[in-house]
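Trainee: Below is the file data-v3.pdb, which contains PDB, C-alpha atoms.
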```pdb
ATOM      1  CA  MET A  21      -3.594  51.616 -10.558
ATOM      2  CA  ALA A  22      -3.798  48.209 -12.103
ATOM      3  CA  ALA A  23      -7.382  47.073 -12.554
ATOM      4  CA  THR A  24      -9.917  48.350 -15.024
ATOM      5  CA  GLY A  25     -13.261  47.396 -16.416
ATOM      6  CA  ARG A  26     -12.128  47.793 -19.998
ATOM      7  CA  ALA A  27     -12.824  45.071 -22.505
ATOM      8  CA  GLY A  28      -9.823  42.831 -22.951
ATOM      9  CA  ALA A  29      -8.071  43.980 -19.778
ATOM     10  CA  SER A  30      -8.952  40.757 -18.002
ATOM     11  CA  ALA A  31      -6.770  38.873 -20.504
ATOM     12  CA  GLU A  32      -3.643  40.246 -18.813
ATOM     13  CA  ARG A  33      -2.124  37.771 -16.412
ATOM     14  CA  VAL A  34       1.312  39.221 -15.635
ATOM     15  CA  ILE A  35       2.296  42.472 -13.987
ATOM     16  CA  GLY A  36       4.561  43.509 -16.882
ATOM     17  CA  GLU A  37       1.884  43.660 -19.583
ATOM     18  CA  GLY A  38      -0.826  46.102 -20.626
ATOM     19  CA  VAL A  39      -2.481  48.347 -18.086
ATOM     20  CA  SER A  40      -1.005  46.292 -15.224
ATOM     21  CA  ARG A  41       2.383  47.683 -16.262
ATOM     22  CA  THR A  42       1.251  51.117 -15.128
ATOM     23  CA  ALA A  43       1.364  49.810 -11.552
ATOM     24  CA  LEU A  44       5.094  49.237 -12.036
ATOM     25  CA  LEU A  45       5.500  52.734 -13.483
ATOM     26  CA  VAL A  46       3.840  54.250 -10.419
ATOM     27  CA  ALA A  47       5.961  52.113  -8.081
ATOM     28  CA  ALA A  48       9.132  53.229  -9.877
ATOM     29  CA  ALA A  49       8.039  56.854  -9.580
ATOM     30  CA  ARG A  50       7.477  56.405  -5.837
ATOM     31  CA  ALA A  51      10.888  54.767  -5.527
ATOM     32  CA  VAL A  52      12.629  57.688  -7.235
ATOM     33  CA  GLU A  53      10.698  60.241  -5.177
ATOM     34  CA  SER A  54      11.628  58.383  -1.993
ATOM     35  CA  THR A  55      15.340  59.013  -2.606
ATOM     36  CA  ARG A  56      15.036  62.791  -2.927
ATOM     37  CA  SER A  57      16.243  64.927  -0.011
ATOM     38  CA  ASP A  58      12.966  66.857  -0.173
ATOM     39  CA  ALA A  59      10.684  63.848  -0.758
ATOM     40  CA  VAL A  60       7.052  64.465   0.175
ATOM     41  CA  ALA A  61       6.318  60.717   0.362
ATOM     42  CA  VAL A  62       8.600  57.794   1.121
ATOM     43  CA  ASP A  63       7.805  54.210   0.112
ATOM     44  CA  ARG A  64      10.574  51.770   1.034
ATOM     45  CA  TYR A  65       8.795  48.882  -0.683
ATOM     46  CA  ALA A  66       8.361  50.472  -4.115
ATOM     47  CA  ALA A  67      11.804  49.616  -5.491
ATOM     48  CA  HIS A  68      11.391  45.956  -4.523
ATOM     49  CA  PHE A  69       8.361  45.609  -6.785
ATOM     50  CA  VAL A  70      10.211  47.021  -9.776
ATOM     51  CA  ARG A  71      13.289  44.891  -9.203
ATOM     52  CA  ALA A  72      11.094  41.770  -9.053
ATOM     53  CA  GLU A  73       9.833  42.256 -12.629
ATOM     54  CA  PRO A  74      12.464  41.321 -15.279
ATOM     55  CA  SER A  75      10.905  43.545 -17.952
ATOM     56  CA  ALA A  76      11.562  46.575 -15.720
ATOM     57  CA  ALA A  77      15.275  45.895 -15.409
ATOM     58  CA  GLY A  78      17.234  49.085 -15.958
ATOM     59  CA  TRP A  79      14.537  51.465 -14.790
ATOM     60  CA  PRO A  80      16.086  54.089 -12.491
ATOM     61  CA  LEU A  81      15.020  53.753  -8.864
ATOM     62  CA  ARG A  82      17.098  56.572  -7.358
ATOM     63  CA  VAL A  83      17.015  60.239  -8.252
ATOM     64  CA  GLU A  84      20.765  60.251  -8.972
ATOM     65  CA  ASP A  85      20.271  57.568 -11.633
ATOM     66  CA  VAL A  86      17.629  59.465 -13.619
ATOM     67  CA  PRO A  87      18.877  60.199 -17.170
ATOM     68  CA  GLY A  88      18.851  63.957 -17.704
ATOM     69  CA  GLY A  89      18.052  64.703 -14.074
ATOM     70  CA  ASP A  90      15.104  66.995 -13.380
ATOM     71  CA  ALA A  91      14.553  67.554 -17.108
ATOM     72  CA  ASN A  92      13.426  63.935 -17.575
ATOM     73  CA  PRO A  93       9.609  64.022 -17.957
ATOM     74  CA  VAL A  94       9.057  60.431 -16.789
ATOM     75  CA  TRP A  95      11.620  59.673 -14.102
ATOM     76  CA  SER A  96      11.733  63.153 -12.631
ATOM     77  CA  GLY A  97       8.509  64.983 -13.489
ATOM     78  CA  ASP A  98       6.336  61.906 -13.105
ATOM     79  CA  ALA A  99       8.024  60.949  -9.844
ATOM     80  CA  ARG A 100       7.400  64.390  -8.388
ATOM     81  CA  ASP A 101       3.729  64.329  -9.401
ATOM     82  CA  VAL A 102       3.180  60.785  -8.155
ATOM     83  CA  GLY A 103       4.924  61.660  -4.897
ATOM     84  CA  LEU A 104       2.668  64.667  -4.416
ATOM     85  CA  ARG A 105      -0.457  62.653  -5.191
ATOM     86  CA  THR A 106       0.668  59.965  -2.763
ATOM     87  CA  ARG A 107       1.177  62.514   0.013
ATOM     88  CA  VAL A 108      -2.181  64.202  -0.571
ATOM     89  CA  PHE A 109      -4.073  60.945  -0.291
ATOM     90  CA  ASP A 110      -1.903  59.700   2.602
ATOM     91  CA  ASP A 111      -2.801  62.800   4.596
ATOM     92  CA  HIS A 112      -6.482  62.524   3.723
ATOM     93  CA  LEU A 113      -6.815  58.858   4.675
ATOM     94  CA  LEU A 114      -4.948  59.266   7.955
ATOM     95  CA  GLU A 115      -7.079  62.281   8.866
ATOM     96  CA  VAL A 116     -10.268  60.306   8.243
ATOM     97  CA  ALA A 117      -8.967  57.242  10.106
ATOM     98  CA  ARG A 118      -7.910  59.307  13.117
ATOM     99  CA  ALA A 119     -11.388  60.825  13.158
ATOM    100  CA  GLY A 120     -12.848  57.347  13.669
ATOM    101  CA  THR A 121     -13.240  55.566  10.315
ATOM    102  CA  ARG A 122     -11.784  52.079  10.603
ATOM    103  CA  GLN A 123     -12.508  50.689   7.118
ATOM    104  CA  VAL A 124     -10.387  51.809   4.165
ATOM    105  CA  VAL A 125     -10.904  50.515   0.609
ATOM    106  CA  LEU A 126      -8.263  51.010  -2.079
ATOM    107  CA  VAL A 127     -10.031  50.527  -5.409
ATOM    108  CA  ALA A 128      -7.662  49.168  -8.068
ATOM    109  CA  ALA A 129      -4.950  49.131  -5.414
ATOM    110  CA  GLY A 130      -2.118  48.013  -7.672
ATOM    111  CA  LEU A 131       1.188  48.098  -5.788
ATOM    112  CA  ASP A 132      -0.082  50.519  -3.146
ATOM    113  CA  THR A 133       1.653  50.017   0.230
ATOM    114  CA  ARG A 134      -0.402  52.240   2.495
ATOM    115  CA  ALA A 135      -1.417  49.226   4.588
ATOM    116  CA  LEU A 136       2.270  48.746   5.421
ATOM    117  CA  ARG A 137       3.833  52.186   5.651
ATOM    118  CA  LEU A 138       1.240  54.470   7.291
ATOM    119  CA  ASP A 139       0.694  54.822  11.038
ATOM    120  CA  TRP A 140      -2.899  53.588  11.205
ATOM    121  CA  PRO A 141      -5.010  53.756  14.354
ATOM    122  CA  ALA A 142      -5.534  50.408  16.077
ATOM    123  CA  GLY A 143      -8.381  48.396  14.582
ATOM    124  CA  THR A 144      -8.073  49.784  11.039
ATOM    125  CA  SER A 145      -8.718  47.394   8.127
ATOM    126  CA  VAL A 146      -7.341  48.237   4.670
ATOM    127  CA  PHE A 147      -9.053  46.362   1.823
ATOM    128  CA  GLU A 148      -7.112  46.183  -1.449
ATOM    129  CA  VAL A 149      -9.269  45.472  -4.509
ATOM    130  CA  ASP A 150      -7.452  44.420  -7.667
ATOM    131  CA  ARG A 151      -7.031  41.525 -10.031
ATOM    132  CA  GLU A 152      -5.660  38.273  -8.691
ATOM    133  CA  HIS A 153      -2.388  38.299 -10.637
ATOM    134  CA  VAL A 154      -1.567  41.838  -9.439
ATOM    135  CA  LEU A 155      -2.243  41.027  -5.796
ATOM    136  CA  GLY A 156      -0.399  37.720  -6.144
ATOM    137  CA  PHE A 157       2.730  39.425  -7.497
ATOM    138  CA  LYS A 158       2.503  42.004  -4.743
ATOM    139  CA  GLN A 159       2.180  39.401  -2.002
ATOM    140  CA  ARG A 160       5.157  37.412  -3.275
ATOM    141  CA  VAL A 161       7.389  40.478  -3.163
ATOM    142  CA  LEU A 162       6.159  41.533   0.278
ATOM    143  CA  ASP A 163       6.762  38.029   1.615
ATOM    144  CA  GLU A 164      10.303  38.030   0.200
ATOM    145  CA  VAL A 165      11.201  41.251   2.015
ATOM    146  CA  GLY A 166       9.454  40.250   5.246
ATOM    147  CA  ALA A 167       6.984  43.137   5.138
ATOM    148  CA  ARG A 168       4.603  43.555   8.060
ATOM    149  CA  PRO A 169       1.394  45.591   7.768
ATOM    150  CA  THR A 170       0.567  48.427  10.146
ATOM    151  CA  ALA A 171      -3.161  47.730   9.734
ATOM    152  CA  ARG A 172      -5.264  44.665   9.040
ATOM    153  CA  ARG A 173      -4.512  44.214   5.343
ATOM    154  CA  VAL A 174      -7.204  42.405   3.336
ATOM    155  CA  PRO A 175      -6.458  41.597  -0.333
ATOM    156  CA  VAL A 176      -9.659  41.282  -2.388
ATOM    157  CA  PRO A 177      -8.942  39.586  -5.749
ATOM    158  CA  SER A 178     -11.532  40.888  -8.198
ATOM    159  CA  ASP A 179     -11.665  42.640 -11.563
ATOM    160  CA  LEU A 180     -13.772  45.784 -11.637
ATOM    161  CA  ALA A 181     -15.556  44.266 -14.631
ATOM    162  CA  ASP A 182     -16.814  41.512 -12.306
ATOM    163  CA  ASP A 183     -18.937  41.583  -9.146
ATOM    164  CA  TRP A 184     -16.292  43.253  -7.013
ATOM    165  CA  PRO A 185     -18.826  44.617  -4.458
ATOM    166  CA  SER A 186     -19.827  41.064  -3.529
ATOM    167  CA  ALA A 187     -16.170  40.058  -3.252
ATOM    168  CA  LEU A 188     -15.549  43.010  -0.956
ATOM    169  CA  LEU A 189     -18.501  42.137   1.254
ATOM    170  CA  GLU A 190     -17.380  38.515   1.429
ATOM    171  CA  ALA A 191     -13.932  39.733   2.498
ATOM    172  CA  GLY A 192     -15.500  41.399   5.523
ATOM    173  CA  LEU A 193     -16.422  44.969   4.591
ATOM    174  CA  SER A 194     -19.341  46.165   6.711
ATOM    175  CA  PRO A 195     -21.652  48.472   4.698
ATOM    176  CA  ASP A 196     -23.232  49.632   7.971
ATOM    177  CA  ARG A 197     -20.024  51.297   9.126
ATOM    178  CA  PRO A 198     -18.321  54.367   7.594
ATOM    179  CA  THR A 199     -15.725  53.566   4.943
ATOM    180  CA  ALA A 200     -12.904  55.662   3.507
ATOM    181  CA  TRP A 201     -12.670  54.973  -0.225
ATOM    182  CA  LEU A 202      -9.691  55.825  -2.436
ATOM    183  CA  VAL A 203      -9.882  55.785  -6.243
ATOM    184  CA  GLU A 204      -6.380  56.849  -7.284
ATOM    185  CA  GLY A 205      -4.994  56.863 -10.813
ATOM    186  CA  LEU A 206      -7.971  55.010 -12.251
ATOM    187  CA  SER A 207     -10.695  57.281 -13.629
ATOM    188  CA  MET A 208      -8.859  58.092 -16.881
ATOM    189  CA  TYR A 209      -8.906  54.406 -17.830
ATOM    190  CA  LEU A 210     -12.677  54.101 -17.420
ATOM    191  CA  SER A 211     -15.462  55.134 -19.757
ATOM    192  CA  ARG A 212     -18.033  57.649 -18.512
ATOM    193  CA  ALA A 213     -20.479  54.802 -17.977
ATOM    194  CA  GLY A 214     -17.838  52.710 -16.230
ATOM    195  CA  LEU A 215     -16.912  55.486 -13.819
ATOM    196  CA  TRP A 216     -20.574  56.242 -13.103
ATOM    197  CA  ALA A 217     -21.168  52.545 -12.329
ATOM    198  CA  LEU A 218     -18.156  52.518 -10.002
ATOM    199  CA  LEU A 219     -19.362  55.583  -8.087
ATOM    200  CA  ARG A 220     -22.855  54.115  -7.889
ATOM    201  CA  ASP A 221     -21.514  50.861  -6.413
ATOM    202  CA  VAL A 222     -19.354  52.761  -3.929
ATOM    203  CA  THR A 223     -22.404  54.750  -2.882
ATOM    204  CA  ARG A 224     -24.448  51.600  -2.370
ATOM    205  CA  LEU A 225     -21.771  50.172  -0.050
ATOM    206  CA  SER A 226     -21.247  53.382   1.926
ATOM    207  CA  ALA A 227     -22.806  54.156   5.285
ATOM    208  CA  PRO A 228     -23.368  57.789   6.330
ATOM    209  CA  ALA A 229     -20.096  59.578   7.222
ATOM    210  CA  SER A 230     -18.202  57.553   4.600
ATOM    211  CA  THR A 231     -15.662  59.460   2.498
ATOM    212  CA  LEU A 232     -14.338  59.145  -1.036
ATOM    213  CA  ALA A 233     -11.121  60.534  -2.488
ATOM    214  CA  LEU A 234     -10.911  60.442  -6.278
ATOM    215  CA  GLU A 235      -8.316  61.619  -8.773
ATOM    216  CA  VAL A 236      -9.747  62.875 -12.057
ATOM    217  CA  LYS A 237      -8.223  63.987 -15.339
ATOM    218  CA  PRO A 238     -10.585  66.412 -17.090
ATOM    219  CA  ASP A 239      -9.277  65.442 -20.521
ATOM    220  CA  SER A 240      -7.679  62.230 -21.763
ATOM    221  CA  HIS A 241      -4.609  63.213 -23.743
ATOM    222  CA  ASP A 242      -3.630  61.929 -27.138
ATOM    223  CA  LEU A 243      -0.365  62.284 -28.994
ATOM    224  CA  GLY A 244      -1.344  65.673 -30.403
ATOM    225  CA  ASP A 245      -1.511  67.329 -26.977
ATOM    226  CA  PRO A 246       1.187  69.477 -25.365
ATOM    227  CA  ALA A 247       1.838  66.585 -22.967
ATOM    228  CA  ALA A 248       2.954  64.390 -25.876
ATOM    229  CA  PRO A 249       6.692  64.492 -24.915
ATOM    230  CA  PHE A 250       5.865  62.769 -21.643
ATOM    231  CA  TYR A 251       3.875  60.046 -23.380
ATOM    232  CA  ALA A 252       6.523  59.603 -26.066
ATOM    233  CA  GLU A 253       9.218  59.233 -23.427
ATOM    234  CA  ALA A 254       7.098  56.738 -21.491
ATOM    235  CA  ARG A 255       6.580  54.697 -24.644
ATOM    236  CA  SER A 256      10.301  54.699 -25.385
ATOM    237  CA  ALA A 257      11.658  54.189 -21.870
ATOM    238  CA  ILE A 258       9.206  51.713 -20.395
ATOM    239  CA  ASP A 259       7.110  50.457 -23.320
ATOM    240  CA  VAL A 260       3.829  51.881 -22.029
ATOM    241  CA  ASP A 261       1.545  53.677 -24.488
ATOM    242  CA  LEU A 262      -0.588  55.545 -21.972
ATOM    243  CA  PRO A 263      -2.872  57.389 -24.432
ATOM    244  CA  ALA A 264      -3.812  54.028 -25.947
ATOM    245  CA  LEU A 265      -4.971  52.876 -22.502
ATOM    246  CA  PHE A 266      -7.044  55.973 -21.717
ATOM    247  CA  HIS A 267     -10.714  56.292 -22.570
ATOM    248  CA  HIS A 268     -11.166  59.249 -24.904
ATOM    249  CA  ASP A 269     -14.865  59.907 -24.573
ATOM    250  CA  PRO A 270     -15.672  63.276 -22.936
ATOM    251  CA  ARG A 271     -14.672  63.166 -19.291
ATOM    252  CA  PRO A 272     -17.497  63.320 -16.743
ATOM    253  CA  ASP A 273     -17.918  65.932 -14.036
ATOM    254  CA  SER A 274     -17.298  63.513 -11.181
ATOM    255  CA  GLU A 275     -17.872  66.136  -8.517
ATOM    256  CA  ALA A 276     -21.367  66.778  -9.892
ATOM    257  CA  ASP A 277     -22.004  63.053 -10.316
ATOM    258  CA  LEU A 278     -21.212  62.446  -6.649
ATOM    259  CA  VAL A 279     -23.639  65.186  -5.642
ATOM    260  CA  LEU A 280     -26.304  63.477  -7.758
ATOM    261  CA  LEU A 281     -25.573  60.289  -5.834
ATOM    262  CA  GLY A 282     -26.131  62.016  -2.505
ATOM    263  CA  TRP A 283     -22.609  63.040  -1.463
ATOM    264  CA  THR A 284     -21.198  66.456  -0.666
ATOM    265  CA  ALA A 285     -18.127  67.019  -2.821
ATOM    266  CA  THR A 286     -15.336  69.512  -3.422
ATOM    267  CA  SER A 287     -12.258  69.435  -5.632
ATOM    268  CA  ARG A 288      -8.830  71.060  -5.714
ATOM    269  CA  GLY A 289      -6.179  71.235  -8.389
ATOM    270  CA  SER A 290      -2.867  69.465  -7.929
ATOM    271  CA  GLY A 291      -1.095  72.810  -8.203
ATOM    272  CA  GLU A 292      -2.602  73.976  -4.922
ATOM    273  CA  TYR A 293      -1.011  71.065  -3.109
ATOM    274  CA  ALA A 294       2.318  71.564  -4.864
ATOM    275  CA  GLU A 295       2.525  75.074  -3.457
ATOM    276  CA  ALA A 296       1.610  73.845   0.018
ATOM    277  CA  HIS A 297       4.449  71.301  -0.064
ATOM    278  CA  GLY A 298       7.034  73.618  -1.576
ATOM    279  CA  GLN A 299       7.059  71.978  -4.988
ATOM    280  CA  VAL A 300       7.076  73.533  -8.424
ATOM    281  CA  VAL A 301       3.496  73.856  -9.644
ATOM    282  CA  PRO A 302       2.902  71.266 -12.405
ATOM    283  CA  ASP A 303       2.785  72.594 -15.951
ATOM    284  CA  PRO A 304      -0.945  72.968 -16.749
ATOM    285  CA  ASP A 305      -0.212  71.621 -20.245
ATOM    286  CA  GLY A 306       1.689  68.635 -18.883
ATOM    287  CA  ALA A 307       0.497  65.100 -18.267
ATOM    288  CA  PHE A 308      -0.484  65.770 -14.634
ATOM    289  CA  GLY A 309      -0.868  69.526 -14.371
ATOM    290  CA  GLU A 310      -4.614  69.582 -14.916
ATOM    291  CA  ASN A 311      -5.427  66.644 -12.632
ATOM    292  CA  ARG A 312      -7.828  67.361  -9.797
ATOM    293  CA  PHE A 313      -8.508  65.676  -6.496
ATOM    294  CA  VAL A 314     -12.161  65.248  -5.530
ATOM    295  CA  PHE A 315     -13.071  64.725  -1.882
ATOM    296  CA  ALA A 316     -16.597  63.624  -1.033
ATOM    297  CA  ARG A 317     -18.483  62.766   2.125
ATOM    298  CA  LYS A 318     -21.764  60.946   2.558
ATOM    299  CA  PRO A 319     -23.888  63.071   4.899
ATOM    300  CA  THR A 320     -25.259  61.663   8.129
ATOM    301  CA  VAL A 321     -28.548  63.335   7.196
ATOM    302  CA  PRO A 322     -29.584  62.484   3.601
ATOM    303  CA  LEU A 323     -29.600  65.390   1.167
ATOM    304  CA  PRO A 324     -32.881  66.310  -0.571
ATOM    305  CA  ARG A 325     -33.465  64.168  -3.639
ATOM    306  CA  LEU A 326     -32.910  65.903  -6.965
ATOM    307  CA  THR A 327     -35.707  66.176  -9.463
ATOM    308  CA  GLY A 328     -35.671  66.934 -13.150
ATOM    309  CA  PRO A 329     -33.541  65.584 -16.009
ATOM    310  CA  ASP A 330     -30.331  65.246 -13.976
ATOM    311  CA  ALA A 331     -32.032  62.892 -11.565
ATOM    312  CA  GLN A 332     -32.497  60.382 -14.362
ATOM    313  CA  ARG A 333     -28.750  59.513 -14.650
TER
END
```
Can the structure in the file be given as C-alpha cells, please?
Mentor:
Amino acid sequence: MAATGRAGASAERVIGEGVSRTALLVAAARAVESTRSDAVAVDRYAAHFVRAEPSAAGWPLRVEDVPGGDANPVWSGDARDVGLRTRVFDDHLLEVARAGTRQVVLVAAGLDTRALRLDWPAGTSVFEVDREHVLGFKQRVLDEVGARPTARRVPVPSDLADDWPSALLEAGLSPDRPTAWLVEGLSMYLSRAGLWALLRDVTRLSAPASTLALEVKPDSHDLGDPAAPFYAEARSAIDVDLPALFHHDPRPDSEADLVLLGWTATSRGSGEYAEAHGQVVPDPDGAFGENRFVFARKPTVPLPRLTGPDAQR
C-alpha cells in the first residue's frame, strides 16, 4: 500500500516518507518471509526495493538477521502476516485469471510484484494504480535488476484523491470486460466516506463477473490497544507511526456495503488461512489478528435493488 486519498498525502514525493514508507515496510516483510524454509510466499524483488532506499539501510531482509528472532513483532510477526496475506491474494487472483478474467487492477499497488512473479495466463494485463513517485521508484529498481513481467504490466500514475478511474480507462482498462480488483493493505488508511467512494468507483468500472478482493481491519488501533507493542516497535525500528496514519472513525461493514452496491460478498478471518497453511494463528489482539479478507463478485444477473433507508447510502 502506498497511495491514499487523505488530505496532505499528495505532498509526499519520495518513497521513504509518510504513508509511502509503509510500502517499504511491506516489501521488507515480504523479503524476510521469502527467506524462511516454510515461506508461504516468495518475492525475489522485495529486498531490492528496500536496499534502494537509503533511509531503510539496516533493515533486516533475511530471517536469520531479525533481532530477537520469532519474538520480534515487526520483522518476524509482521513478515509472517504479510506473507500469509500475500499468498491468500496470490491464490485468489490466479484462480480468477485461470477461470478467464484477463484484467487485473491493483489499487494502491505500492511495491507489489505480482505482475512479475506470478504465472499468469497468456493475455493477462495487470494495471498498477499508485502515485507517480511510487511507481517511478519501483520502475527504476526493476530496470536495475533486469526484471521481466509475466503479464502485460501497466503502471497507472494517479492519486486516489484524483480522477484515478479516468486514468485507468485511458491506460486501457475495458469496463465491458470482467476485472479482478485487489485492494490490499489500504482500507485502514481511508475514511468511511473515502472507502465508500472507492468501492462505488470500482463498481462503476466493473462488468458482470468481475471480482474484488479487499482486506479490512474492523478497528483502527491506537497506542492504548493491546497491539501497541507492535506499533511502538515499528516507530522505533523504522520510523513509521502507523496509528497516526490510520483513520480512526468507526470502520464500515465493507461486506454489507458491497452488497448494497450490487455485489455478492463473503469474508473470512486471517486465522482461517493461517491454519490452512500450517502457520500459527495470529493473536486476535495483535496488529493483524483481527483482519478479514472480503471476496466479492458482481453477478451476471443483477441482484434486486434494495429499498428503504440503506438504499440511500
Trainee: Which polymer residues, protein or nucleic acid, are no farther than 9 Å from (6.1, 52.1, -13.9), counting all atoms listed in the file, as a list of chain:residue names?
Mentor: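 Output: A:Arg41, A:Thr42, A:Ala43, A:Leu44, A:Leu45, A:Val46, A:Ala47, A:Ala48, A:Ala49, A:Val70, A:Ala76, A:Trp79, A:Ala254, A:Ile258, A:Val260.
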Trainee: What's the 8 Å shell around A:Arg118, counting only C-alpha atoms, without same-chain residues fewer than 4 positions away, as a ChimeraX atom specification?
Mentor: /A:114,140-141
Trainee: To one decimal in Å, tell me the separation between atom CA of A:Tyr251 and atom CA of A:Arg64.
Mentor: 26.6 Å
Trainee: Apply the PyMOL selection byres ((chain A and resi 144) around 8) to the file shown and report the selected residues as number ranges by chain.
Mentor: A: 117, 121-124, 140-143, 145-146, 171-172
Trainee: From the set A:Ala187, A:Ala200, A:Val52, A:Ala66, which residue has the shortest atom-to-atom contact distance to A:Ala99, counting all atoms listed in the file?
Mentor: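 Closest to A:Ala99, using all atoms listed in the file: A:Val52.
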Trainee: The PyMOL selection byres ((chain A and resi 229) around 6) on the file shown: which residues, as an NGL selection string?
Mentor: :A and (198 or 228 or 230 or 318-320)
Trainee: For this file, the PyMOL selection byres ((chain A and resi 100-111) around 7) selects which residues, as number ranges by chain?
Mentor: A: 46, 49-50, 53, 60-61, 96-99, 112-115, 294, 308
Trainee: Env of A:Tyr209: 6 Å cut, atoms = only C-alpha atoms, seq-sep filter 2 positions within chain, self excluded. Answer as an MDAnalysis selection string.
Mentor: chainID A and resid 206:207 266:267
Trainee: For A:His153, which residue out of A:Asp90, A:Asp179, A:Asp259, A:Asp132 is the nearest one, using all atoms listed in the file?
Mentor: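 Checking each candidate against A:His153, we get A:Asp179 as the closest.
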Trainee: Choose the residue, out of A:Gly192, A:Gly130, A:Gly289, A:Pro270, that has the smallest atom-to-atom separation from A:Arg212; count only C-alpha atoms.
Mentor: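 The shortest atom-to-atom distance to A:Arg212 comes from A:Pro270.
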Trainee: What is the atom CA of A:Glu148-atom CA of A:Leu162 distance in Å, reported with one decimal?
Mentor: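 Distance reported for this atom pair: 14.2 Å.
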Trainee: Looking at only C-alpha atoms, which of A:Arg312, A:His297, A:Arg137, A:Arg151 is the one that sits closest to A:Glu204?
Mentor: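 Looking only at the distances to A:Glu204, the closest residue turns out to be A:Arg312.
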Trainee: Nearest residue to A:Asp273 out of A:Phe147, A:Tyr65, A:Trp216, A:Phe157, using all atoms listed in the file?
Mentor: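 Closest to A:Asp273, using all atoms listed in the file: A:Trp216.
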Trainee: To one decimal place in Å, what is the distance between atom CA of A:Ser40 and atom CA of A:Glu73?
Mentor: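 Straight-line distance from atom CA of A:Ser40 to atom CA of A:Glu73 works out to 11.9 Å.
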Trainee: Which residue out of A:Leu188, A:Val127, A:Ala257, A:Pro272 has the minimum interatomic distance to A:Trp201 when all atoms listed in the file are used?
Mentor: A:Val127
